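Structure, as structure tokens:
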Amino acid sequence: MLTIDEHTFDEKLLTGKLVIDAGCRGFKFSEALADLGCPVLAMDIEDFGRKNDGRIWFTHGALWRSTEPIEVHRFGDGSANFAKGLNGIPYNGPDRPCVTEEIQGFSLEHMLERTTSTEIDLLKLDIEGSEYGVLMTIGPGLLPRQITCEFHPHCHPELHNREYSTVLEHLLHWYGVSYHSNYPAYPALDTLFIRQDLL
């Protein structure tokens, strides 16, 4: 197992197929997976203006439960950007000004269709509360080999308490689960799902 930028995955299960890095801020995870020989589709609601280099393709947009425009709260310091409605009214103090804006949301299926890939080796989710909705779109027709996900009980407690058990029950039809969190108070902060046929 490798842990990169607080996301754990099994490098032995990589086959050189597509990696989707949703919430790619800093591109540390994207760069590491590209170095391991995987083509990477990186996404973020911040527009980093990164040019596609043949290893990493960047999309300015949100991985979302469907393809549609969505409103997001974007903090000026680049931290904890999230879809509107997931966390009530955001903090908007002078040290952390918040702007609400509309950006494009994309479903996982839509993003896969934009590539030449037919399978996702690894899906990484660090999308500030949107992971619950995205994970509910996983199903028999779209089963990444592994999913490394940061759940957000620390900043979205009501959402987590309402959605987490439903998401887990849904995914356990196809995946085994393990936790590798460096934060004992938040064991789900680094959760790895591996498809059962690969265990």
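Scheme for the structure tokens: letters A, B, ... for chains in order shown; per-chain residue numbers from 1; ligand numbers from 1 in order shown.
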Note to self: as a ChimeraX atom specification, please: every residue in segment 18-196 of chain A that DSSP puts in strand (DSSP E).
What the structure shows: /A:18-22,40-44,56-60,62-63,68-75,82-83,98-106,120-125,146-149,175-179,191-195
Checklist line | Shell of 10 Å around segment 66-72 of chain A, only C-alpha atoms, local chain residues under 2 positions omitted, as a PyMOL selection string | finding: chain A and resi 45+61-64+74-75+81-86+98-111+133-134+137
Next, dump the selected residues to file, keeping only N, CA and C atoms, as an mmCIF file, in the first residue's frame.
data_model
loop_
_atom_site.group_PDB
_atom_site.id
_atom_site.type_symbol
_atom_site.label_atom_id
_atom_site.label_comp_id
_atom_site.auth_asym_id
_atom_site.auth_seq_id
_atom_site.Cartn_x
_atom_site.Cartn_y
_atom_site.Cartn_z
ATOM 1 N N ILE A 45 -12.388 22.447 -8.625
ATOM 2 C CA ILE A 45 -13.241 23.606 -8.862
ATOM 3 C C ILE A 45 -12.432 24.897 -8.916
ATOM 4 N N GLY A 61 -13.621 21.938 -13.096
ATOM 5 C CA GLY A 61 -15.009 21.563 -12.863
ATOM 6 C C GLY A 61 -15.093 20.667 -11.649
ATOM 7 N N ALA A 62 -16.308 20.354 -11.251
ATOM 8 C CA ALA A 62 -16.550 19.545 -10.057
ATOM 9 C C ALA A 62 -17.014 18.159 -10.452
ATOM 10 N N LEU A 63 -16.448 17.137 -9.819
ATOM 11 C CA LEU A 63 -17.035 15.810 -9.954
ATOM 12 C C LEU A 63 -18.294 15.827 -9.102
ATOM 13 N N TRP A 64 -19.403 15.450 -9.719
ATOM 14 C CA TRP A 64 -20.711 15.648 -9.109
ATOM 15 C C TRP A 64 -21.573 14.444 -9.433
ATOM 16 N N ARG A 74 -16.346 29.105 -2.818
ATOM 17 C CA ARG A 74 -14.896 29.039 -3.029
ATOM 18 C C ARG A 74 -14.225 30.034 -2.094
ATOM 19 N N PHE A 75 -13.354 29.495 -1.227
ATOM 20 C CA PHE A 75 -12.647 30.353 -0.291
ATOM 21 C C PHE A 75 -11.422 30.961 -0.944
ATOM 22 N N ASN A 81 -13.062 24.240 -0.533
ATOM 23 C CA ASN A 81 -14.102 24.668 -1.462
ATOM 24 C C ASN A 81 -15.149 23.568 -1.543
ATOM 25 N N PHE A 82 -16.425 23.947 -1.563
ATOM 26 C CA PHE A 82 -17.443 22.906 -1.557
ATOM 27 C C PHE A 82 -18.717 23.375 -2.252
ATOM 28 N N ALA A 83 -19.511 22.400 -2.680
ATOM 29 C CA ALA A 83 -20.760 22.697 -3.377
ATOM 30 C C ALA A 83 -21.744 23.357 -2.425
ATOM 31 N N LYS A 84 -22.462 24.327 -2.936
ATOM 32 C CA LYS A 84 -23.426 25.068 -2.128
ATOM 33 C C LYS A 84 -24.475 24.115 -1.560
ATOM 34 N N GLY A 85 -24.816 24.339 -0.303
ATOM 35 C CA GLY A 85 -25.850 23.541 0.329
ATOM 36 C C GLY A 85 -25.331 22.371 1.137
ATOM 37 N N LEU A 86 -24.046 22.032 0.972
ATOM 38 C CA LEU A 86 -23.513 20.890 1.704
ATOM 39 C C LEU A 86 -23.152 21.244 3.142
ATOM 40 N N CYS A 98 -15.212 34.354 1.216
ATOM 41 C CA CYS A 98 -15.848 33.291 0.438
ATOM 42 C C CYS A 98 -16.638 33.903 -0.715
ATOM 43 N N VAL A 99 -16.484 33.314 -1.881
ATOM 44 C CA VAL A 99 -17.209 33.728 -3.071
ATOM 45 C C VAL A 99 -18.082 32.561 -3.513
ATOM 46 N N THR A 100 -19.335 32.820 -3.834
ATOM 47 C CA THR A 100 -20.198 31.789 -4.389
ATOM 48 C C THR A 100 -20.283 32.005 -5.895
ATOM 49 N N GLU A 101 -20.031 30.958 -6.646
ATOM 50 C CA GLU A 101 -20.039 31.080 -8.100
ATOM 51 C C GLU A 101 -20.563 29.799 -8.726
ATOM 52 N N GLU A 102 -20.983 29.896 -9.970
ATOM 53 C CA GLU A 102 -21.477 28.730 -10.698
ATOM 54 C C GLU A 102 -20.343 28.138 -11.524
ATOM 55 N N ILE A 103 -20.166 26.828 -11.423
ATOM 56 C CA ILE A 103 -19.216 26.130 -12.281
ATOM 57 C C ILE A 103 -19.901 24.875 -12.822
ATOM 58 N N GLN A 104 -19.216 24.198 -13.714
ATOM 59 C CA GLN A 104 -19.784 23.001 -14.316
ATOM 60 C C GLN A 104 -19.504 21.790 -13.441
ATOM 61 N N GLY A 105 -20.556 21.040 -13.157
ATOM 62 C CA GLY A 105 -20.411 19.744 -12.510
ATOM 63 C C GLY A 105 -20.445 18.646 -13.563
ATOM 64 N N PHE A 106 -19.660 17.589 -13.344
ATOM 65 C CA PHE A 106 -19.579 16.475 -14.289
ATOM 66 C C PHE A 106 -19.787 15.164 -13.542
ATOM 67 N N SER A 107 -20.589 14.284 -14.119
ATOM 68 C CA SER A 107 -20.735 12.952 -13.537
ATOM 69 C C SER A 107 -19.495 12.119 -13.839
ATOM 70 N N LEU A 108 -19.280 11.088 -13.057
ATOM 71 C CA LEU A 108 -18.161 10.177 -13.289
ATOM 72 C C LEU A 108 -18.284 9.514 -14.654
ATOM 73 N N GLU A 109 -19.490 9.108 -15.002
ATOM 74 C CA GLU A 109 -19.713 8.489 -16.315
ATOM 75 C C GLU A 109 -19.361 9.450 -17.436
ATOM 76 N N HIS A 110 -19.748 10.719 -17.291
ATOM 77 C CA HIS A 110 -19.430 11.741 -18.298
ATOM 78 C C HIS A 110 -17.917 11.896 -18.449
ATOM 79 N N MET A 111 -17.208 11.928 -17.321
ATOM 80 C CA MET A 111 -15.756 12.103 -17.387
ATOM 81 C C MET A 111 -15.096 10.912 -18.059
ATOM 82 N N GLY A 133 -22.645 11.822 -2.744
ATOM 83 C CA GLY A 133 -23.473 11.741 -3.945
ATOM 84 C C GLY A 133 -22.780 11.030 -5.089
ATOM 85 N N VAL A 134 -21.484 11.309 -5.296
ATOM 86 C CA VAL A 134 -20.736 10.668 -6.379
ATOM 87 C C VAL A 134 -20.661 9.165 -6.156
ATOM 88 N N THR A 137 -23.402 6.912 -7.328
ATOM 89 C CA THR A 137 -23.551 6.666 -8.765
ATOM 90 C C THR A 137 -22.722 5.470 -9.228
#
Notebook entry, point to check: Quick one, how far is atom CA of Tyr164 of chain A from atom CA of Tyr179 of chain A?
Noted result: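 Distance between the two atoms: 14.2 Å.
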Next item on the list: May I have the residues within 12 Å of Gly16 of chain A as a ChimeraX atom specification, using only C-alpha atoms and disregarding those fewer than 4 positions away in the same chain?
Entry: /A:11-12,33-40,55,117,119-122,145
Check: Do you have the atom CA of Ala42 of chain A-atom CA of Met1 of chain A distance handy?
Finding: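 One can read the atom CA of Ala42 of chain A to atom CA of Met1 of chain A distance as 21.5 Å.
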Checklist line | Residue contacts of segment 30-32 of chain A (12 Å, only C-alpha atoms) excluding same-chain residues fewer than 2 positions away, as JSON, numbers by chain | finding: {"A": [2, 3, 4, 5, 7, 9, 11, 18, 19, 20, 21, 22, 23, 24, 25, 26, 27, 28, 34, 35, 36, 37, 38, 39, 40, 41, 42, 43, 44, 53, 54, 55, 56, 57, 58, 122, 123, 124, 125]}
What lies within 8 Å of His152 of chain A using only C-alpha atoms, ignoring chain neighbours under 4 positions off, as a PDB file with C-alpha atoms, in the first residue's frame?
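See out.pdb below for the written result:
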ATOM      1  CA  GLU A 128     -15.262  18.330   0.337  1.00  0.00           C
ATOM      2  CA  GLY A 129     -18.582  16.621   0.959  1.00  0.00           C
ATOM      3  CA  HIS A 156     -19.875  18.173   7.328  1.00  0.00           C
ATOM      4  CA  PRO A 157     -21.048  16.249  10.434  1.00  0.00           C
ATOM      5  CA  HIS A 160     -21.848  12.528   7.114  1.00  0.00           C
ATOM      6  CA  ALA A 188     -12.889   7.527   7.579  1.00  0.00           C
ATOM      7  CA  LEU A 189     -10.669  10.438   6.523  1.00  0.00           C
TER       8      LEU A 189
END
Notebook entry, point to check: Smallest atom-to-atom distance to Met136 of chain A: which of A:Leu112, A:Cys155, A:Leu168, A:Cys149, using only C-alpha atoms?
Noted result: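 Ranked by minimum distance to Met136 of chain A, first place goes to A:Leu168.
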Give me, as a short mmCIF file (atom, residue, chain, number, x, y, z; two decimals) with N, CA and C atoms, in the first residue's frame, all polymer residues having an atom no more than 12 Å from Pro140 of chain A, counting only C-alpha atoms and skipping those fewer than 6 positions away in the same chain.
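Contents of around26.cif, freshly written:
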data_model
loop_
_atom_site.label_atom_id
_atom_site.label_comp_id
_atom_site.auth_asym_id
_atom_site.auth_seq_id
_atom_site.Cartn_x
_atom_site.Cartn_y
_atom_site.Cartn_z
N HIS A 170 -24.19 0.68 0.15
CA HIS A 170 -24.24 0.63 -1.32
C HIS A 170 -22.95 0.05 -1.90
N LEU A 171 -21.80 0.58 -1.46
CA LEU A 171 -20.52 0.17 -2.03
C LEU A 171 -20.13 -1.25 -1.65
N HIS A 173 -21.65 -3.84 -1.81
CA HIS A 173 -22.10 -4.85 -2.78
C HIS A 173 -20.93 -5.30 -3.66
N TRP A 174 -19.96 -4.39 -3.90
CA TRP A 174 -18.89 -4.67 -4.86
C TRP A 174 -17.49 -4.52 -4.28
N TYR A 175 -17.35 -3.88 -3.13
CA TYR A 175 -16.03 -3.52 -2.61
C TYR A 175 -15.80 -4.01 -1.19
N ARG A 195 -12.19 -3.38 -5.19
CA ARG A 195 -13.22 -4.25 -5.76
C ARG A 195 -13.05 -5.68 -5.27
#
Checklist line | Pairwise distance for atom CA of Gly176 of chain A and atom CA of Arg114 of chain A, rounded to one decimal in Å | finding: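 Separation between atom CA of Gly176 of chain A and atom CA of Arg114 of chain A: 28.2 Å.
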